[in-house]
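J.: This one is query29.tsv, TSV, N, CA and C atoms and all ligand atoms.
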chain	number	residue	atom	x	y	z
I	1	MET	N	-12.41	-17.57	-32.88
I	1	MET	CA	-12.27	-16.79	-31.65
I	1	MET	C	-10.85	-16.91	-31.15
I	2	ALA	N	-10.16	-15.78	-31.04
I	2	ALA	CA	-8.78	-15.78	-30.59
I	2	ALA	C	-8.72	-15.96	-29.08
I	3	VAL	N	-7.72	-16.68	-28.65
I	3	VAL	CA	-7.52	-16.94	-27.23
I	3	VAL	C	-6.65	-15.84	-26.65
I	4	ASP	N	-6.93	-15.41	-25.41
I	4	ASP	CA	-6.09	-14.42	-24.76
I	4	ASP	C	-4.88	-15.12	-24.16
I	5	TYR	N	-3.69	-14.77	-24.62
I	5	TYR	CA	-2.48	-15.42	-24.16
I	5	TYR	C	-1.76	-14.63	-23.07
I	6	GLY	N	-2.40	-13.55	-22.59
I	6	GLY	CA	-1.80	-12.77	-21.53
I	6	GLY	C	-0.50	-12.13	-22.00
I	7	ALA	N	0.51	-12.15	-21.15
I	7	ALA	CA	1.80	-11.58	-21.51
I	7	ALA	C	2.42	-12.40	-22.63
I	8	ARG	N	2.78	-11.72	-23.68
I	8	ARG	CA	3.32	-12.39	-24.85
I	8	ARG	C	4.84	-12.30	-24.84
I	9	SER	N	5.49	-13.45	-24.89
I	9	SER	CA	6.94	-13.48	-24.90
I	9	SER	C	7.45	-13.15	-26.30
I	10	LYS	N	8.29	-12.12	-26.38
I	10	LYS	CA	8.83	-11.73	-27.68
I	10	LYS	C	9.76	-12.80	-28.22
I	11	LEU	N	10.57	-13.40	-27.36
I	11	LEU	CA	11.51	-14.43	-27.81
I	11	LEU	C	10.75	-15.65	-28.33
I	12	SER	N	9.76	-16.09	-27.59
I	12	SER	CA	8.97	-17.24	-28.01
I	12	SER	C	8.24	-16.96	-29.31
I	13	ALA	N	7.65	-15.76	-29.41
I	13	ALA	CA	6.93	-15.40	-30.64
I	13	ALA	C	7.88	-15.33	-31.82
I	14	ALA	N	9.07	-14.76	-31.61
I	14	ALA	CA	10.04	-14.66	-32.71
I	14	ALA	C	10.52	-16.04	-33.13
I	15	LEU	N	10.78	-16.92	-32.18
I	15	LEU	CA	11.25	-18.27	-32.52
I	15	LEU	C	10.17	-19.08	-33.23
I	16	ARG	N	8.93	-18.93	-32.77
I	16	ARG	CA	7.84	-19.63	-33.45
I	16	ARG	C	7.67	-19.08	-34.86
I	17	GLY	N	7.77	-17.78	-35.01
I	17	GLY	CA	7.68	-17.18	-36.34
I	17	GLY	C	8.83	-17.64	-37.23
I	18	LEU	N	10.01	-17.77	-36.64
I	18	LEU	CA	11.18	-18.26	-37.38
I	18	LEU	C	10.93	-19.65	-37.95
I	19	MET	N	10.22	-20.46	-37.19
I	19	MET	CA	9.91	-21.82	-37.63
I	19	MET	C	8.67	-21.88	-38.53
I	20	GLY	N	8.06	-20.72	-38.79
I	20	GLY	CA	6.88	-20.67	-39.64
I	20	GLY	C	5.61	-21.07	-38.93
I	21	CYS	N	5.65	-21.05	-37.60
I	21	CYS	CA	4.49	-21.44	-36.81
I	21	CYS	C	3.80	-20.22	-36.22
I	22	CYS	N	2.57	-20.41	-35.87
I	22	CYS	CA	1.79	-19.36	-35.22
I	22	CYS	C	2.51	-18.90	-33.94
I	23	PRO	N	2.76	-17.58	-33.78
I	23	PRO	CA	3.43	-17.08	-32.58
I	23	PRO	C	2.61	-17.30	-31.32
I	24	ALA	N	1.31	-17.42	-31.45
I	24	ALA	CA	0.45	-17.57	-30.27
I	24	ALA	C	0.46	-18.99	-29.73
I	25	CYS	N	0.20	-19.96	-30.58
I	25	CYS	CA	0.07	-21.35	-30.10
I	25	CYS	C	1.24	-22.23	-30.52
I	26	GLY	N	1.96	-21.84	-31.57
I	26	GLY	CA	3.10	-22.63	-32.04
I	26	GLY	C	2.71	-23.87	-32.82
I	27	ARG	N	1.44	-24.05	-33.11
I	27	ARG	CA	1.00	-25.25	-33.82
I	27	ARG	C	0.52	-24.97	-35.24
I	28	GLY	N	-0.25	-23.91	-35.42
I	28	GLY	CA	-0.75	-23.59	-36.75
I	28	GLY	C	0.35	-22.97	-37.61
I	29	ARG	N	0.10	-22.93	-38.90
I	29	ARG	CA	1.07	-22.32	-39.82
I	29	ARG	C	0.88	-20.81	-39.81
I	30	LEU	N	1.99	-20.08	-40.02
I	30	LEU	CA	1.93	-18.62	-40.04
I	30	LEU	C	1.80	-18.10	-41.47
I	31	LEU	N	2.42	-18.78	-42.44
I	31	LEU	CA	2.39	-18.33	-43.83
I	31	LEU	C	1.64	-19.36	-44.67
I	32	LYS	N	0.72	-18.86	-45.53
I	32	LYS	CA	-0.04	-19.79	-46.36
I	32	LYS	C	0.61	-19.99	-47.71
I	33	SER	N	1.47	-19.09	-48.13
I	33	SER	CA	2.28	-19.30	-49.33
I	33	SER	C	3.68	-18.82	-48.98
I	34	TYR	N	4.49	-18.54	-49.97
I	34	TYR	CA	5.88	-18.22	-49.67
I	34	TYR	C	6.02	-17.08	-48.66
I	35	LEU	N	5.29	-15.99	-48.86
I	35	LEU	CA	5.39	-14.84	-47.95
I	35	LEU	C	4.04	-14.32	-47.46
I	36	LYS	N	2.96	-14.95	-47.85
I	36	LYS	CA	1.63	-14.46	-47.51
I	36	LYS	C	1.19	-15.02	-46.15
I	37	PRO	N	0.95	-14.12	-45.17
I	37	PRO	CA	0.50	-14.63	-43.86
I	37	PRO	C	-0.93	-15.15	-43.94
I	38	VAL	N	-1.23	-16.12	-43.11
I	38	VAL	CA	-2.60	-16.63	-43.02
I	38	VAL	C	-3.48	-15.54	-42.41
I	39	ASP	N	-4.76	-15.55	-42.75
I	39	ASP	CA	-5.67	-14.57	-42.16
I	39	ASP	C	-5.81	-14.82	-40.66
I	40	GLN	N	-5.91	-16.09	-40.31
I	40	GLN	CA	-5.94	-16.46	-38.89
I	40	GLN	C	-5.41	-17.88	-38.74
I	41	CYS	N	-4.89	-18.16	-37.57
I	41	CYS	CA	-4.32	-19.47	-37.29
I	41	CYS	C	-5.41	-20.54	-37.37
I	42	ALA	N	-5.10	-21.63	-38.06
I	42	ALA	CA	-6.07	-22.71	-38.20
I	42	ALA	C	-6.25	-23.46	-36.88
I	43	HIS	N	-5.30	-23.36	-35.98
I	43	HIS	CA	-5.38	-24.09	-34.71
I	43	HIS	C	-6.03	-23.27	-33.61
I	44	CYS	N	-5.56	-22.02	-33.41
I	44	CYS	CA	-6.06	-21.23	-32.28
I	44	CYS	C	-6.94	-20.05	-32.71
I	45	GLY	N	-6.94	-19.71	-33.99
I	45	GLY	CA	-7.81	-18.64	-34.47
I	45	GLY	C	-7.24	-17.24	-34.34
I	46	GLU	N	-5.98	-17.12	-33.87
I	46	GLU	CA	-5.37	-15.79	-33.74
I	46	GLU	C	-5.24	-15.17	-35.14
I	47	ALA	N	-5.58	-13.90	-35.26
I	47	ALA	CA	-5.57	-13.22	-36.56
I	47	ALA	C	-4.18	-12.67	-36.88
I	48	PHE	N	-3.74	-12.90	-38.12
I	48	PHE	CA	-2.45	-12.38	-38.58
I	48	PHE	C	-2.55	-11.64	-39.90
I	49	GLY	N	-3.70	-11.72	-40.56
I	49	GLY	CA	-3.85	-11.14	-41.89
I	49	GLY	C	-3.75	-9.63	-41.92
I	50	HIS	N	-3.92	-8.96	-40.78
I	50	HIS	CA	-3.90	-7.50	-40.75
I	50	HIS	C	-2.50	-6.93	-40.53
I	51	PHE	N	-1.51	-7.76	-40.23
I	51	PHE	CA	-0.15	-7.27	-40.01
I	51	PHE	C	0.57	-7.03	-41.33
I	52	ARG	N	1.28	-5.93	-41.43
I	52	ARG	CA	2.10	-5.62	-42.59
I	52	ARG	C	3.54	-5.49	-42.12
I	53	ALA	N	4.37	-6.42	-42.55
I	53	ALA	CA	5.77	-6.41	-42.13
I	53	ALA	C	6.59	-5.40	-42.91
I	54	ASP	N	6.07	-4.94	-44.04
I	54	ASP	CA	6.75	-3.95	-44.89
I	54	ASP	C	8.17	-4.38	-45.25
I	55	ASP	N	9.15	-3.50	-45.02
I	55	ASP	CA	10.51	-3.74	-45.47
I	55	ASP	C	11.38	-4.47	-44.45
I	56	ALA	N	10.84	-4.77	-43.29
I	56	ALA	CA	11.66	-5.38	-42.25
I	56	ALA	C	12.20	-6.76	-42.64
I	57	PRO	N	11.38	-7.67	-43.17
I	57	PRO	CA	11.95	-8.99	-43.54
I	57	PRO	C	13.05	-8.92	-44.61
I	58	PRO	N	12.88	-8.15	-45.70
I	58	PRO	CA	14.00	-8.05	-46.65
I	58	PRO	C	15.24	-7.42	-46.02
I	59	TRP	N	15.04	-6.40	-45.19
I	59	TRP	CA	16.17	-5.77	-44.52
I	59	TRP	C	16.91	-6.78	-43.66
I	60	MET	N	16.18	-7.55	-42.88
I	60	MET	CA	16.79	-8.55	-42.00
I	60	MET	C	17.50	-9.63	-42.83
I	61	THR	N	16.88	-10.02	-43.93
I	61	THR	CA	17.48	-11.03	-44.80
I	61	THR	C	18.79	-10.53	-45.40
I	62	ILE	N	18.79	-9.31	-45.89
I	62	ILE	CA	20.02	-8.73	-46.47
I	62	ILE	C	21.10	-8.66	-45.41
I	63	LEU	N	20.72	-8.25	-44.20
I	63	LEU	CA	21.69	-8.15	-43.10
I	63	LEU	C	22.34	-9.50	-42.83
I	64	VAL	N	21.55	-10.55	-42.74
I	64	VAL	CA	22.07	-11.88	-42.40
I	64	VAL	C	22.86	-12.46	-43.58
I	65	VAL	N	22.28	-12.42	-44.76
I	65	VAL	CA	22.94	-13.01	-45.93
I	65	VAL	C	24.26	-12.27	-46.21
I	66	GLY	N	24.23	-10.97	-46.10
I	66	GLY	CA	25.45	-10.20	-46.33
I	66	GLY	C	26.55	-10.56	-45.36
I	67	HIS	N	26.18	-10.80	-44.10
I	67	HIS	CA	27.19	-11.16	-43.11
I	67	HIS	C	27.65	-12.61	-43.23
I	68	ILE	N	26.98	-13.40	-44.03
I	68	ILE	CA	27.44	-14.77	-44.30
I	68	ILE	C	28.28	-14.79	-45.58
I	69	VAL	N	27.76	-14.20	-46.65
I	69	VAL	CA	28.37	-14.34	-47.97
I	69	VAL	C	29.65	-13.50	-48.11
I	70	ILE	N	29.62	-12.27	-47.69
I	70	ILE	CA	30.78	-11.40	-47.91
I	70	ILE	C	32.04	-11.90	-47.18
I	71	PRO	N	31.96	-12.29	-45.91
I	71	PRO	CA	33.17	-12.85	-45.27
I	71	PRO	C	33.66	-14.13	-45.96
I	72	MET	N	32.72	-14.97	-46.42
I	72	MET	CA	33.13	-16.18	-47.13
I	72	MET	C	33.83	-15.82	-48.43
I	73	LEU	N	33.25	-14.88	-49.15
I	73	LEU	CA	33.85	-14.45	-50.42
I	73	LEU	C	35.26	-13.91	-50.20
I	74	LEU	N	35.41	-13.04	-49.22
I	74	LEU	CA	36.73	-12.45	-48.97
I	74	LEU	C	37.72	-13.51	-48.50
I	75	SER	N	37.26	-14.46	-47.68
I	75	SER	CA	38.14	-15.51	-47.20
I	75	SER	C	38.62	-16.40	-48.35
I	76	VAL	N	37.70	-16.79	-49.22
I	76	VAL	CA	38.07	-17.63	-50.37
I	76	VAL	C	39.04	-16.87	-51.27
I	77	GLU	N	38.78	-15.60	-51.48
I	77	GLU	CA	39.66	-14.81	-52.35
I	77	GLU	C	41.06	-14.71	-51.74
I	78	GLN	N	41.15	-14.49	-50.44
I	78	GLN	CA	42.46	-14.36	-49.80
I	78	GLN	C	43.23	-15.67	-49.79
I	79	ARG	N	42.54	-16.77	-49.56
I	79	ARG	CA	43.23	-18.05	-49.44
I	79	ARG	C	43.55	-18.70	-50.77
I	80	TYR	N	42.58	-18.67	-51.71
I	80	TYR	CA	42.73	-19.46	-52.94
I	80	TYR	C	42.88	-18.63	-54.20
I	81	GLN	N	42.49	-17.39	-54.16
I	81	GLN	CA	42.54	-16.50	-55.32
I	81	GLN	C	42.05	-17.20	-56.58
I	82	PRO	N	40.81	-17.68	-56.56
I	82	PRO	CA	40.29	-18.37	-57.74
I	82	PRO	C	40.02	-17.39	-58.89
I	83	ALA	N	39.80	-17.96	-60.09
I	83	ALA	CA	39.47	-17.13	-61.25
I	83	ALA	C	38.13	-16.43	-61.02
I	84	ALA	N	37.93	-15.35	-61.72
I	84	ALA	CA	36.70	-14.56	-61.54
I	84	ALA	C	35.46	-15.39	-61.84
I	85	TRP	N	35.54	-16.30	-62.82
I	85	TRP	CA	34.34	-17.10	-63.15
I	85	TRP	C	33.90	-17.98	-61.99
I	86	VAL	N	34.86	-18.37	-61.14
I	86	VAL	CA	34.52	-19.17	-59.97
I	86	VAL	C	33.68	-18.33	-59.00
I	87	HIS	N	34.12	-17.10	-58.81
I	87	HIS	CA	33.33	-16.20	-57.96
I	87	HIS	C	31.94	-15.99	-58.53
I	88	PHE	N	31.87	-15.76	-59.84
I	88	PHE	CA	30.56	-15.52	-60.47
I	88	PHE	C	29.68	-16.76	-60.41
I	89	ALA	N	30.28	-17.93	-60.34
I	89	ALA	CA	29.50	-19.17	-60.28
I	89	ALA	C	28.99	-19.45	-58.88
I	90	ILE	N	29.76	-19.08	-57.87
I	90	ILE	CA	29.43	-19.46	-56.50
I	90	ILE	C	28.57	-18.43	-55.79
I	91	TRP	N	29.02	-17.19	-55.71
I	91	TRP	CA	28.44	-16.23	-54.77
I	91	TRP	C	27.04	-15.76	-55.15
I	92	PRO	N	26.74	-15.47	-56.41
I	92	PRO	CA	25.34	-15.11	-56.70
I	92	PRO	C	24.38	-16.27	-56.40
I	93	ALA	N	24.79	-17.49	-56.71
I	93	ALA	CA	23.93	-18.65	-56.45
I	93	ALA	C	23.72	-18.85	-54.95
I	94	LEU	N	24.80	-18.73	-54.19
I	94	LEU	CA	24.70	-18.89	-52.73
I	94	LEU	C	23.84	-17.77	-52.14
I	95	THR	N	24.02	-16.56	-52.64
I	95	THR	CA	23.23	-15.42	-52.15
I	95	THR	C	21.75	-15.64	-52.45
I	96	LEU	N	21.43	-16.09	-53.65
I	96	LEU	CA	20.04	-16.34	-54.01
I	96	LEU	C	19.44	-17.46	-53.16
I	97	LEU	N	20.19	-18.52	-52.98
I	97	LEU	CA	19.71	-19.65	-52.18
I	97	LEU	C	19.44	-19.23	-50.73
I	98	LEU	N	20.40	-18.56	-50.13
I	98	LEU	CA	20.22	-18.12	-48.75
I	98	LEU	C	19.06	-17.14	-48.61
I	99	THR	N	18.93	-16.25	-49.60
I	99	THR	CA	17.84	-15.27	-49.56
I	99	THR	C	16.49	-15.97	-49.63
I	100	MET	N	16.37	-16.93	-50.54
I	100	MET	CA	15.10	-17.64	-50.67
I	100	MET	C	14.78	-18.45	-49.41
I	101	LEU	N	15.80	-18.98	-48.76
I	101	LEU	CA	15.58	-19.75	-47.54
I	101	LEU	C	15.26	-18.85	-46.34
I	102	LEU	N	15.92	-17.71	-46.25
I	102	LEU	CA	15.79	-16.88	-45.05
I	102	LEU	C	14.63	-15.89	-45.10
I	103	LEU	N	14.23	-15.45	-46.27
I	103	LEU	CA	13.20	-14.40	-46.35
I	103	LEU	C	11.89	-14.80	-45.66
I	104	PRO	N	11.33	-15.98	-45.91
I	104	PRO	CA	10.10	-16.31	-45.18
I	104	PRO	C	10.32	-16.49	-43.68
I	105	ARG	N	11.49	-16.94	-43.29
I	105	ARG	CA	11.79	-17.08	-41.86
I	105	ARG	C	11.90	-15.71	-41.20
I	106	CYS	N	12.53	-14.77	-41.89
I	106	CYS	CA	12.61	-13.41	-41.36
I	106	CYS	C	11.22	-12.78	-41.29
I	107	LYS	N	10.39	-13.07	-42.28
I	107	LYS	CA	9.02	-12.54	-42.23
I	107	LYS	C	8.28	-13.13	-41.03
I	108	GLY	N	8.50	-14.41	-40.75
I	108	GLY	CA	7.89	-15.03	-39.58
I	108	GLY	C	8.35	-14.38	-38.29
I	109	VAL	N	9.64	-14.06	-38.21
I	109	VAL	CA	10.16	-13.39	-37.01
I	109	VAL	C	9.49	-12.03	-36.84
I	110	VAL	N	9.42	-11.27	-37.92
I	110	VAL	CA	8.82	-9.93	-37.83
I	110	VAL	C	7.35	-10.03	-37.46
I	111	LEU	N	6.62	-10.95	-38.09
I	111	LEU	CA	5.20	-11.10	-37.74
I	111	LEU	C	5.04	-11.54	-36.29
I	112	GLY	N	5.90	-12.43	-35.84
I	112	GLY	CA	5.86	-12.86	-34.45
I	112	GLY	C	6.12	-11.72	-33.50
I	113	LEU	N	7.09	-10.89	-33.82
I	113	LEU	CA	7.39	-9.74	-32.96
I	113	LEU	C	6.25	-8.73	-33.00
I	114	LEU	N	5.69	-8.50	-34.18
I	114	LEU	CA	4.54	-7.58	-34.26
I	114	LEU	C	3.39	-8.09	-33.39
I	115	TRP	N	3.14	-9.39	-33.50
I	115	TRP	CA	2.06	-9.96	-32.70
I	115	TRP	C	2.36	-9.84	-31.21
I	116	SER	N	3.63	-10.09	-30.82
I	116	SER	CA	3.98	-10.09	-29.40
I	116	SER	C	3.87	-8.70	-28.77
I	117	THR	N	4.01	-7.67	-29.59
I	117	THR	CA	3.90	-6.31	-29.04
I	117	THR	C	2.46	-5.85	-28.95
I	118	GLY	N	1.55	-6.65	-29.51
I	118	GLY	CA	0.15	-6.24	-29.49
I	118	GLY	C	-0.14	-5.14	-30.49
I	119	ALA	N	0.69	-5.03	-31.51
I	119	ALA	CA	0.49	-4.00	-32.53
I	119	ALA	C	-0.88	-4.19	-33.18
I	120	PRO	N	-1.59	-3.10	-33.42
I	120	PRO	CA	-2.94	-3.25	-33.98
I	120	PRO	C	-2.92	-3.68	-35.45
I	121	GLY	N	-1.81	-3.48	-36.15
I	121	GLY	CA	-1.77	-3.82	-37.58
I	121	GLY	C	-2.35	-2.69	-38.40
I	122	SER	N	-1.87	-2.55	-39.60
I	122	SER	CA	-2.27	-1.41	-40.41
I	122	SER	C	-3.49	-1.68	-41.27
I	123	GLU	N	-3.92	-2.91	-41.37
I	123	GLU	CA	-5.02	-3.26	-42.27
I	123	GLU	C	-6.31	-3.55	-41.53
I	124	ARG	N	-6.31	-3.42	-40.22
I	124	ARG	CA	-7.52	-3.71	-39.46
I	124	ARG	C	-8.49	-2.53	-39.55
I	125	ALA	N	-9.73	-2.82	-39.78
I	125	ALA	CA	-10.74	-1.75	-39.94
I	125	ALA	C	-11.06	-1.09	-38.61
I	201	ZN	ZN	-2.19	-20.45	-33.42
Would you mind writing the structure in this file as structure tokens?

T.:
Amino acid sequence: MAVDYGARSKLSAALRGLMGCCPACGRGRLLKSYLKPVDQCAHCGEAFGHFRADDAPPWMTILVVGHIVIPMLLSVEQRYQPAAWVHFAIWPALTLLLTMLLLPRCKGVVLGLLWSTGAPGSERA
């Protein structure tokens, strides 16, 4: 049974989602695997399985990772002008690492925001 939380704070829901926690109570887990949302919170019972974040988490991840990696790449190139193999060794690995770290957090933010708006979700019967 889901608890009525009244007015839902978007900032609080987004921050809880960022931490991988239930946007409603902040105690239960939001994702049961890397990107799969739990059907409902184990602590408060709030349902999340019907939300579909679609392309928003990858879009947000690309936006953030791109704004981290590209300025670093250009700065290193301007200051040190390393050989091309150095660039090929560093930037794809850093991009992959940041993407793997940020993608579930971005999904949590999107799910938290969806929940905070009271969106009905696309999978609910
Ligand atoms: Zn909860």

J.: Between I:His87, I:Arg27, I:Arg52, I:His67, which has the minimum distance to ligand ZN 201 (chain I) (counting only C-alpha atoms and all ligand atoms)?

T.: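 For ligand ZN 201 (chain I), the nearest of the given residues is I:Arg27.
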
J.: With only C-alpha atoms and all ligand atoms as the atoms that count, which of I:Val38, I:Leu30, I:Ala89, I:Cys44 lies nearest to ligand ZN 201 (chain I)?

T.: I:Cys44

J.: So which residues touch Pro23 (chain I) within 9 Å, counting only C-alpha atoms, skipping near sequence neighbours fewer than 3 positions away, as a ChimeraX atom specification?

T.: /I:12-17,20,26-28,30,46,108-109,111-113,115-116

J.: Counting all atoms listed in the file, figure out which residue out of I:Cys106, I:Ile68, I:Cys25, I:Leu73 gets nearest to Gly45 (chain I).

T.: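 Closest residue, counting all atoms listed in the file: I:Cys25.
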
J.: Go through I:Gln40, I:Ser75, I:Thr61, I:Thr95 one by one, measure the shortest atom-to-atom distance of each to ligand ZN 201 (chain I) using all atoms listed in the file, and give the residue with the smallest value.

T.: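 Of I:Gln40, I:Ser75, I:Thr61, I:Thr95, the one nearest ligand ZN 201 (chain I) is I:Gln40, counting all atoms listed in the file.
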
J.: Among region 4-121 of chain I, which ones does DSSP place in alpha helix (DSSP H), written as a PyMOL selection string?

T.: chain I and resi 10-18+56-80+84-116

J.: Just list the residues in region 18-92 of chain I DSSP gives strand (DSSP E or B) on the backbone, as a list in words.

T.: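 Assigned to strand (DSSP E or B), within region 18-92 of chain I: Cys21, Arg29, Leu31, Pro37, Gln40 and Ala47 of chain I.
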
J.: Please measure the separation of atom C of Leu102 (chain I) and CA of Ala47 (chain I), giving the value in Å to one decimal.

T.: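 Atom C of Leu102 (chain I) sits 22.1 Å away from CA of Ala47 (chain I).
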
J.: Which value, in Å to one decimal, gives the distance between atom C of Leu74 (chain I) and CA of Val86 (chain I)?

T.: 13.2 Å

J.: Restricting the calculation to all atoms listed in the file: of I:Ala83, I:Arg29, I:Asp54, I:Thr117, which residue gets closest to Ser9 (chain I)?

T.: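 Closest candidate: I:Thr117.
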
J.: Model the absent atoms of region 96-105 of chain I so that all heavy atoms are present, and write the result as a tab-separated table (two decimals), in the frame of the given file.

T.:
chain	number	residue	atom	x	y	z
I	96	LEU	N	21.43	-16.09	-53.65
I	96	LEU	CA	20.04	-16.34	-54.01
I	96	LEU	C	19.44	-17.46	-53.16
I	96	LEU	O	18.32	-17.34	-52.64
I	96	LEU	CB	19.94	-16.68	-55.50
I	96	LEU	CG	18.52	-16.93	-56.03
I	96	LEU	CD1	17.68	-15.67	-55.89
I	96	LEU	CD2	18.58	-17.39	-57.47
I	97	LEU	N	20.19	-18.52	-52.98
I	97	LEU	CA	19.71	-19.65	-52.18
I	97	LEU	C	19.44	-19.23	-50.73
I	97	LEU	O	18.37	-19.52	-50.18
I	97	LEU	CB	20.74	-20.78	-52.22
I	97	LEU	CG	20.41	-22.00	-51.36
I	97	LEU	CD1	19.23	-22.76	-51.96
I	97	LEU	CD2	21.61	-22.91	-51.23
I	98	LEU	N	20.40	-18.56	-50.13
I	98	LEU	CA	20.22	-18.12	-48.75
I	98	LEU	C	19.06	-17.14	-48.61
I	98	LEU	O	18.29	-17.19	-47.65
I	98	LEU	CB	21.51	-17.49	-48.22
I	98	LEU	CG	22.66	-18.45	-47.93
I	98	LEU	CD1	23.92	-17.67	-47.57
I	98	LEU	CD2	22.29	-19.41	-46.83
I	99	THR	N	18.93	-16.25	-49.60
I	99	THR	CA	17.84	-15.27	-49.56
I	99	THR	C	16.49	-15.97	-49.63
I	99	THR	O	15.58	-15.66	-48.86
I	99	THR	CB	18.00	-14.27	-50.72
I	99	THR	OG1	19.24	-13.58	-50.57
I	99	THR	CG2	16.86	-13.26	-50.72
I	100	MET	N	16.37	-16.93	-50.54
I	100	MET	CA	15.10	-17.64	-50.67
I	100	MET	C	14.78	-18.45	-49.41
I	100	MET	O	13.62	-18.58	-49.03
I	100	MET	CB	15.13	-18.57	-51.89
I	100	MET	CG	15.31	-17.85	-53.21
I	100	MET	SD	14.01	-16.68	-53.56
I	100	MET	CE	12.73	-17.76	-54.13
I	101	LEU	N	15.80	-18.98	-48.76
I	101	LEU	CA	15.58	-19.75	-47.54
I	101	LEU	C	15.26	-18.85	-46.34
I	101	LEU	O	14.43	-19.20	-45.51
I	101	LEU	CB	16.82	-20.59	-47.21
I	101	LEU	CG	17.09	-21.79	-48.10
I	101	LEU	CD1	18.44	-22.41	-47.76
I	101	LEU	CD2	15.98	-22.82	-47.96
I	102	LEU	N	15.92	-17.71	-46.25
I	102	LEU	CA	15.79	-16.88	-45.05
I	102	LEU	C	14.63	-15.89	-45.10
I	102	LEU	O	14.10	-15.51	-44.04
I	102	LEU	CB	17.09	-16.12	-44.80
I	102	LEU	CG	18.25	-16.97	-44.32
I	102	LEU	CD1	19.50	-16.12	-44.19
I	102	LEU	CD2	17.93	-17.63	-43.00
I	103	LEU	N	14.23	-15.45	-46.27
I	103	LEU	CA	13.20	-14.40	-46.35
I	103	LEU	C	11.89	-14.80	-45.66
I	103	LEU	O	11.37	-14.02	-44.84
I	103	LEU	CB	12.97	-14.00	-47.81
I	103	LEU	CG	12.06	-12.80	-48.04
I	103	LEU	CD1	12.54	-11.58	-47.26
I	103	LEU	CD2	11.97	-12.48	-49.53
I	104	PRO	N	11.33	-15.98	-45.91
I	104	PRO	CA	10.10	-16.31	-45.18
I	104	PRO	C	10.32	-16.49	-43.68
I	104	PRO	O	9.42	-16.20	-42.88
I	104	PRO	CB	9.62	-17.61	-45.83
I	104	PRO	CG	10.73	-18.11	-46.65
I	104	PRO	CD	11.66	-16.98	-46.92
I	105	ARG	N	11.49	-16.94	-43.29
I	105	ARG	CA	11.79	-17.08	-41.86
I	105	ARG	C	11.90	-15.71	-41.20
I	105	ARG	O	11.43	-15.52	-40.07
I	105	ARG	CB	13.05	-17.90	-41.66
I	105	ARG	CG	12.80	-19.37	-41.90
I	105	ARG	CD	14.01	-20.14	-42.34
I	105	ARG	NE	13.68	-21.54	-42.57
I	105	ARG	CZ	13.08	-21.99	-43.66
I	105	ARG	NH1	12.77	-21.16	-44.62
I	105	ARG	NH2	12.79	-23.26	-43.80
